[in-house]
Amino acid sequence: MDEVEVVVAHSERATLRVGDVFVKVDADQARIAAEVEAMSLAPVPTPEVLWHKPPALAIAALPGTTLGRLGGPSTGSPTAWAAAGAAIRKLHDAPPPPRVGQAGRSIVELAAELDDECASLVANGVLPADLVTRNRQVAEAAFRPWTPAFTHGDLQIAHVFVDSDEVTGIIDWSEAGQGDALYDLATFTLGHEEHLDDVIAGYGRDVDLDVIHAWWSLRSLLIVRWLTEHGFDPFAPGCEVDVLRSRM
């Protein structure tokens with residue numbers, strides 16, 4: 001009998017694996033529904049939905065492996081990274097879904113949230129003031145007009161599967177929707193800056209690197225405290241705090 005593997009679990013959601021089946025349980029039923037809808041619309045490979053009965057979703061495992069994880073070594077050839085870039089471009093060129101995704105929050109809302117978070121990080125001694133101030137300055141470049149694209153919204157490196165230098169699927173679509181395309185590119189390359197050129201080559205479009213750097217800083221600043229409170233370690237080598245330090 002296959003064992004039950006806890007892939008990720010915290011107070012908001014949990015993902016379990018039994019053999020070739022993943023079962024996701026989410027306290028927010030709307031998030032699960034959004035994920036199912038996004039996978040049905042996305043023009044890139046996605047997992048097969050086996051069944052969906054709120055608050056749970058069962059999907060089939062994808063062939064291949066990821067290109068690595070944040071804080072760990074990256075794998076895959078430059079061709080594989082470029083293939084991921086090409087898949088991301090195909091997603092961004094598709095008609096955007098009706099809902100606004102994680103990558104589509106308004107500039108005003110995002111700036112206010114960032115200012116509050118930066119103040120909290122310094123006041124509570126989570127991060128040094130100079131580190132926070134510098135990265136808040138870098139993050140400013142993300143606050144500019146952008147054309148809504150079909151974005152994944154949480155395109156971490158661990159969410160893209162590759163086999164023989166081809167993308168076999170992208171998972172975890174609960175944050176998908178209209179958004180800033182460069183948010184996806186920045187999320188995918190977070191902590192793996194050495195592969196950014198390969199990804200952009202596959203993407204096939206000029207990219208404003210200042211905006212990519214801005215999203216690296218912004219995403220890391222916003223998530224450090226949440227990760228700490230939910231049992232993750234943003235201070236581990238190669239993770240979010242190291243990403244912030246790299247901008248100094």
# chains A, B, ... in the order shown; residues from 1 in each chain; ligands from 1
>>> closest_atom_pairs(of="region 176-198 of chain A", to="region 151-168 of chain A", cutoff="8 Å", atoms="only C-alpha atoms", output="CSV")
residue,atom,partner,partner_atom,distance
A:Ala176,CA,A:His152,CA,4.3
A:Gly177,CA,A:Thr151,CA,5.5
A:Gln178,CA,A:Thr151,CA,5.9
A:Gly179,CA,A:Thr151,CA,5.5
A:Asp180,CA,A:Thr151,CA,7.0
A:Ala181,CA,A:Thr151,CA,6.1
A:Tyr183,CA,A:Gly153,CA,7.4
A:Asp184,CA,A:Leu155,CA,5.7
A:Leu185,CA,A:Leu155,CA,7.8
A:Thr187,CA,A:Gln156,CA,5.6
A:Phe188,CA,A:Gln156,CA,4.8
A:Thr189,CA,A:Ile157,CA,7.0
A:Leu190,CA,A:Gln156,CA,7.8
>>> select_by_dssp(residues="region 5-65 of chain A", states="strand (DSSP E)", output="PyMOL selection string")
chain A and resi 5-9+13-18+21-26+49-53+56-60+65
>>> write_last_selection(atoms="N, CA and C atoms", output="CSV table (one decimal), in the first residue's frame")
chain,number,residue,atom,x,y,z
A,5,GLU,N,2.0,10.9,2.0
A,5,GLU,CA,3.1,11.8,2.2
A,5,GLU,C,2.5,13.2,2.4
A,6,VAL,N,2.8,13.9,3.4
A,6,VAL,CA,2.4,15.3,3.6
A,6,VAL,C,3.4,16.2,2.8
A,7,VAL,N,2.9,16.8,1.7
A,7,VAL,CA,3.7,17.6,0.8
A,7,VAL,C,3.9,19.0,1.5
A,8,VAL,N,2.8,19.6,1.9
A,8,VAL,CA,2.9,20.9,2.6
A,8,VAL,C,1.6,21.0,3.5
A,9,ALA,N,1.8,21.6,4.6
A,9,ALA,CA,0.6,21.7,5.5
A,9,ALA,C,0.8,22.9,6.4
A,13,ARG,N,-4.0,25.6,4.2
A,13,ARG,CA,-4.2,24.5,3.3
A,13,ARG,C,-3.2,23.4,3.5
A,14,ALA,N,-3.5,22.3,2.9
A,14,ALA,CA,-2.6,21.1,3.0
A,14,ALA,C,-2.7,20.3,1.7
A,15,THR,N,-1.6,19.7,1.4
A,15,THR,CA,-1.5,18.9,0.2
A,15,THR,C,-0.9,17.5,0.6
A,16,LEU,N,-1.6,16.5,0.3
A,16,LEU,CA,-1.1,15.1,0.6
A,16,LEU,C,-0.9,14.4,-0.8
A,17,ARG,N,0.0,13.4,-0.7
A,17,ARG,CA,0.3,12.6,-1.9
A,17,ARG,C,0.1,11.1,-1.5
A,18,VAL,N,-0.6,10.4,-2.3
A,18,VAL,CA,-0.8,8.9,-2.1
A,18,VAL,C,-0.5,8.3,-3.5
A,21,VAL,N,-1.4,10.3,-6.9
A,21,VAL,CA,-2.6,11.2,-6.7
A,21,VAL,C,-2.2,12.2,-5.6
A,22,PHE,N,-2.5,13.5,-5.9
A,22,PHE,CA,-2.3,14.5,-4.9
A,22,PHE,C,-3.7,15.0,-4.5
A,23,VAL,N,-3.9,15.2,-3.2
A,23,VAL,CA,-5.2,15.7,-2.7
A,23,VAL,C,-4.9,17.0,-2.0
A,24,LYS,N,-5.5,18.1,-2.4
A,24,LYS,CA,-5.3,19.4,-1.8
A,24,LYS,C,-6.6,19.7,-1.0
A,25,VAL,N,-6.4,20.2,0.2
A,25,VAL,CA,-7.5,20.6,1.1
A,25,VAL,C,-7.3,22.0,1.4
A,26,ASP,N,-8.3,22.9,1.1
A,26,ASP,CA,-8.1,24.3,1.3
A,26,ASP,C,-9.3,24.9,2.1
A,49,VAL,N,-7.4,16.8,-13.5
A,49,VAL,CA,-8.3,16.8,-12.3
A,49,VAL,C,-9.0,15.5,-12.2
A,50,LEU,N,-8.8,14.8,-11.2
A,50,LEU,CA,-9.5,13.5,-11.0
A,50,LEU,C,-10.8,13.7,-10.4
A,51,TRP,N,-11.0,14.5,-9.4
A,51,TRP,CA,-12.2,14.9,-8.8
A,51,TRP,C,-12.1,16.2,-8.0
A,52,HIS,N,-13.2,16.9,-7.9
A,52,HIS,CA,-13.3,18.1,-7.1
A,52,HIS,C,-14.5,18.2,-6.3
A,53,LYS,N,-14.4,18.1,-5.0
A,53,LYS,CA,-15.5,18.2,-4.1
A,53,LYS,C,-15.1,19.0,-2.9
A,56,ALA,N,-11.9,19.9,-1.1
A,56,ALA,CA,-10.8,19.1,-1.6
A,56,ALA,C,-10.7,19.0,-3.1
A,57,LEU,N,-9.5,18.8,-3.6
A,57,LEU,CA,-9.3,18.7,-5.0
A,57,LEU,C,-8.2,17.6,-5.2
A,58,ALA,N,-8.5,16.6,-6.1
A,58,ALA,CA,-7.6,15.5,-6.4
A,58,ALA,C,-7.1,15.7,-7.8
A,59,ILE,N,-5.8,15.6,-7.9
A,59,ILE,CA,-5.1,15.8,-9.2
A,59,ILE,C,-4.1,14.7,-9.4
A,60,ALA,N,-3.8,14.3,-10.7
A,60,ALA,CA,-2.8,13.3,-11.0
A,60,ALA,C,-1.4,13.9,-11.0
A,65,THR,N,10.4,16.1,-13.4
A,65,THR,CA,10.8,16.7,-12.1
A,65,THR,C,10.9,18.2,-12.2
>>> closest_residue(among="A:Gly64, A:Glu193, A:Glu12, A:Ala42", to="Asp28 (chain A)", atoms="only C-alpha atoms")
A:Glu12
>>> residues_around(residues="region 127-138 of chain A", least_positions_apart="3", cutoff="10 Å", atoms="only C-alpha atoms", output="number ranges by chain")
A: 111, 114-115, 117-124, 141-142, 210-218, 220-221, 224-225, 241, 243-248
>>> write_last_selection(atoms="C-alpha atoms", output="CSV table (one decimal), in the first residue's frame")
chain,number,residue,atom,x,y,z
A,111,ALA,CA,2.5,49.9,-1.9
A,114,LEU,CA,4.5,46.9,1.6
A,115,ASP,CA,5.0,50.0,3.7
A,117,GLU,CA,5.1,45.2,6.3
A,118,CYS,CA,8.5,47.0,6.1
A,119,ALA,CA,7.6,49.0,9.3
A,120,SER,CA,6.6,45.8,11.1
A,121,LEU,CA,9.8,44.0,10.0
A,122,VAL,CA,12.0,46.8,11.5
A,123,ALA,CA,9.9,47.5,14.6
A,124,ASN,CA,9.9,43.8,15.6
A,141,ALA,CA,10.4,49.9,-9.8
A,142,ALA,CA,7.5,47.4,-9.7
A,210,ASP,CA,14.9,46.5,-12.8
A,211,VAL,CA,11.3,45.3,-12.5
A,212,ILE,CA,12.4,41.7,-12.1
A,213,HIS,CA,14.7,42.8,-9.3
A,214,ALA,CA,12.0,44.9,-7.8
A,215,TRP,CA,9.6,41.9,-7.6
A,216,TRP,CA,12.3,39.8,-6.0
A,217,SER,CA,12.7,42.4,-3.3
A,218,LEU,CA,8.9,43.1,-2.9
A,220,SER,CA,10.6,38.6,-0.3
A,221,LEU,CA,9.8,41.5,2.0
A,224,VAL,CA,9.3,36.8,5.4
A,225,ARG,CA,7.1,37.2,8.4
A,241,VAL,CA,16.5,36.8,3.3
A,243,VAL,CA,17.6,37.3,-1.9
A,244,LEU,CA,17.2,40.6,0.0
A,245,ARG,CA,20.8,40.6,0.9
A,246,SER,CA,21.8,40.2,-2.7
A,247,ARG,CA,20.3,43.6,-3.5
A,248,MET,CA,22.6,45.4,-1.0
>>> atom_distance(atom1="CA of Glu37 (chain A)", atom2="CA of Pro54 (chain A)")
13.7 Å
>>> select_by_dssp(residues="region 5-236 of chain A", states="helix (DSSP H, G or I)", output="PyMOL selection string")
chain A and resi 29-41+78-93+102-104+107-123+129-142+157-159+181-189+193-203+209-229
>>> residues_around(residues="region 69-71 of chain A", least_positions_apart="2", cutoff="9 Å", atoms="only C-alpha atoms", output="short mmCIF file (atom, residue, chain, number, x, y, z; two decimals) with all heavy atoms, in the first residue's frame")
data_model
loop_
_atom_site.label_atom_id
_atom_site.label_comp_id
_atom_site.auth_asym_id
_atom_site.auth_seq_id
_atom_site.Cartn_x
_atom_site.Cartn_y
_atom_site.Cartn_z
N THR A 66 10.98 18.88 -11.09
CA THR A 66 11.13 20.32 -11.10
C THR A 66 12.59 20.69 -11.37
O THR A 66 13.47 19.83 -11.30
CB THR A 66 10.69 20.94 -9.77
OG1 THR A 66 11.60 20.51 -8.74
CG2 THR A 66 9.28 20.50 -9.40
N LEU A 67 12.83 21.95 -11.63
CA LEU A 67 14.18 22.42 -11.90
C LEU A 67 14.93 22.76 -10.62
O LEU A 67 16.03 23.30 -10.67
CB LEU A 67 14.14 23.64 -12.83
CG LEU A 67 13.68 23.34 -14.26
CD1 LEU A 67 13.50 24.63 -15.04
CD2 LEU A 67 14.69 22.44 -14.95
N PRO A 73 19.88 23.47 -4.68
CA PRO A 73 20.56 23.56 -5.97
C PRO A 73 19.56 23.48 -7.12
O PRO A 73 18.53 22.81 -7.03
CB PRO A 73 21.48 22.33 -5.97
CG PRO A 73 20.82 21.37 -5.03
CD PRO A 73 20.17 22.21 -3.97
N SER A 74 19.86 24.20 -8.19
CA SER A 74 19.03 24.13 -9.37
C SER A 74 19.53 23.02 -10.28
O SER A 74 20.70 22.66 -10.25
CB SER A 74 19.03 25.47 -10.12
OG SER A 74 20.36 25.81 -10.49
N GLN A 156 6.40 29.51 -8.49
CA GLN A 156 7.65 29.09 -7.89
C GLN A 156 8.30 28.01 -8.74
O GLN A 156 7.63 27.27 -9.47
CB GLN A 156 7.39 28.53 -6.48
CG GLN A 156 6.73 29.50 -5.53
CD GLN A 156 6.41 28.84 -4.20
OE1 GLN A 156 7.24 28.13 -3.65
NE2 GLN A 156 5.21 29.06 -3.70
N ILE A 157 9.61 27.91 -8.62
CA ILE A 157 10.36 26.91 -9.39
C ILE A 157 9.83 25.50 -9.14
O ILE A 157 9.83 24.65 -10.03
CB ILE A 157 11.87 27.02 -9.06
CG1 ILE A 157 12.69 26.08 -9.94
CG2 ILE A 157 12.13 26.74 -7.60
CD1 ILE A 157 14.18 26.23 -9.71
N ALA A 158 9.34 25.25 -7.93
CA ALA A 158 8.83 23.91 -7.58
C ALA A 158 7.48 23.61 -8.22
O ALA A 158 6.96 22.50 -8.08
CB ALA A 158 8.72 23.77 -6.06
N LEU A 190 13.27 33.53 -8.64
CA LEU A 190 13.66 33.98 -7.30
C LEU A 190 14.68 33.02 -6.69
O LEU A 190 14.45 31.81 -6.61
CB LEU A 190 12.42 34.04 -6.40
CG LEU A 190 12.64 34.57 -4.97
CD1 LEU A 190 12.81 36.08 -5.00
CD2 LEU A 190 11.45 34.20 -4.07
N GLY A 191 15.83 33.55 -6.29
CA GLY A 191 16.87 32.71 -5.69
C GLY A 191 17.70 31.94 -6.68
O GLY A 191 18.62 31.20 -6.30
N HIS A 192 17.37 32.06 -7.97
CA HIS A 192 18.13 31.36 -9.02
C HIS A 192 18.46 32.36 -10.14
O HIS A 192 18.21 32.10 -11.33
CB HIS A 192 17.35 30.17 -9.55
CG HIS A 192 17.21 29.07 -8.54
ND1 HIS A 192 18.25 28.23 -8.20
CD2 HIS A 192 16.16 28.69 -7.77
CE1 HIS A 192 17.84 27.38 -7.27
NE2 HIS A 192 16.59 27.64 -6.98
N PRO A 234 12.67 31.48 6.14
CA PRO A 234 13.16 32.37 5.08
C PRO A 234 14.62 32.77 5.27
O PRO A 234 15.22 33.38 4.37
CB PRO A 234 12.24 33.59 5.20
CG PRO A 234 11.84 33.61 6.65
CD PRO A 234 11.71 32.16 7.04
N ALA A 236 17.01 30.52 5.77
CA ALA A 236 17.85 29.41 5.31
C ALA A 236 18.68 29.87 4.11
O ALA A 236 18.26 30.76 3.35
CB ALA A 236 16.98 28.21 4.92
N PRO A 237 19.86 29.28 3.92
CA PRO A 237 20.72 29.69 2.80
C PRO A 237 19.99 29.65 1.46
O PRO A 237 19.33 28.66 1.13
CB PRO A 237 21.86 28.67 2.84
CG PRO A 237 21.92 28.24 4.27
CD PRO A 237 20.49 28.24 4.74
N GLY A 238 20.10 30.73 0.71
CA GLY A 238 19.51 30.81 -0.62
C GLY A 238 18.05 31.20 -0.65
O GLY A 238 17.48 31.36 -1.74
N CYS A 239 17.45 31.37 0.52
CA CYS A 239 16.02 31.71 0.58
C CYS A 239 15.80 33.22 0.63
O CYS A 239 16.69 34.00 0.30
CB CYS A 239 15.38 30.99 1.76
SG CYS A 239 15.30 29.19 1.54
N GLU A 240 14.60 33.65 1.05
CA GLU A 240 14.17 35.03 0.87
C GLU A 240 15.11 36.07 1.48
O GLU A 240 15.36 37.12 0.87
CB GLU A 240 12.75 35.20 1.44
CG GLU A 240 11.65 34.62 0.61
CD GLU A 240 11.48 33.11 0.76
OE1 GLU A 240 12.18 32.51 1.62
OE2 GLU A 240 10.66 32.53 0.05
#
>>> atom_distance(atom1="CA of Ile88 (chain A)", atom2="CA of Ala103 (chain A)")
13.9 Å
>>> closest_residue(among="A:His195, A:Arg219, A:Arg31, A:Arg89", to="Ser174 (chain A)", atoms="only C-alpha atoms")
A:Arg31
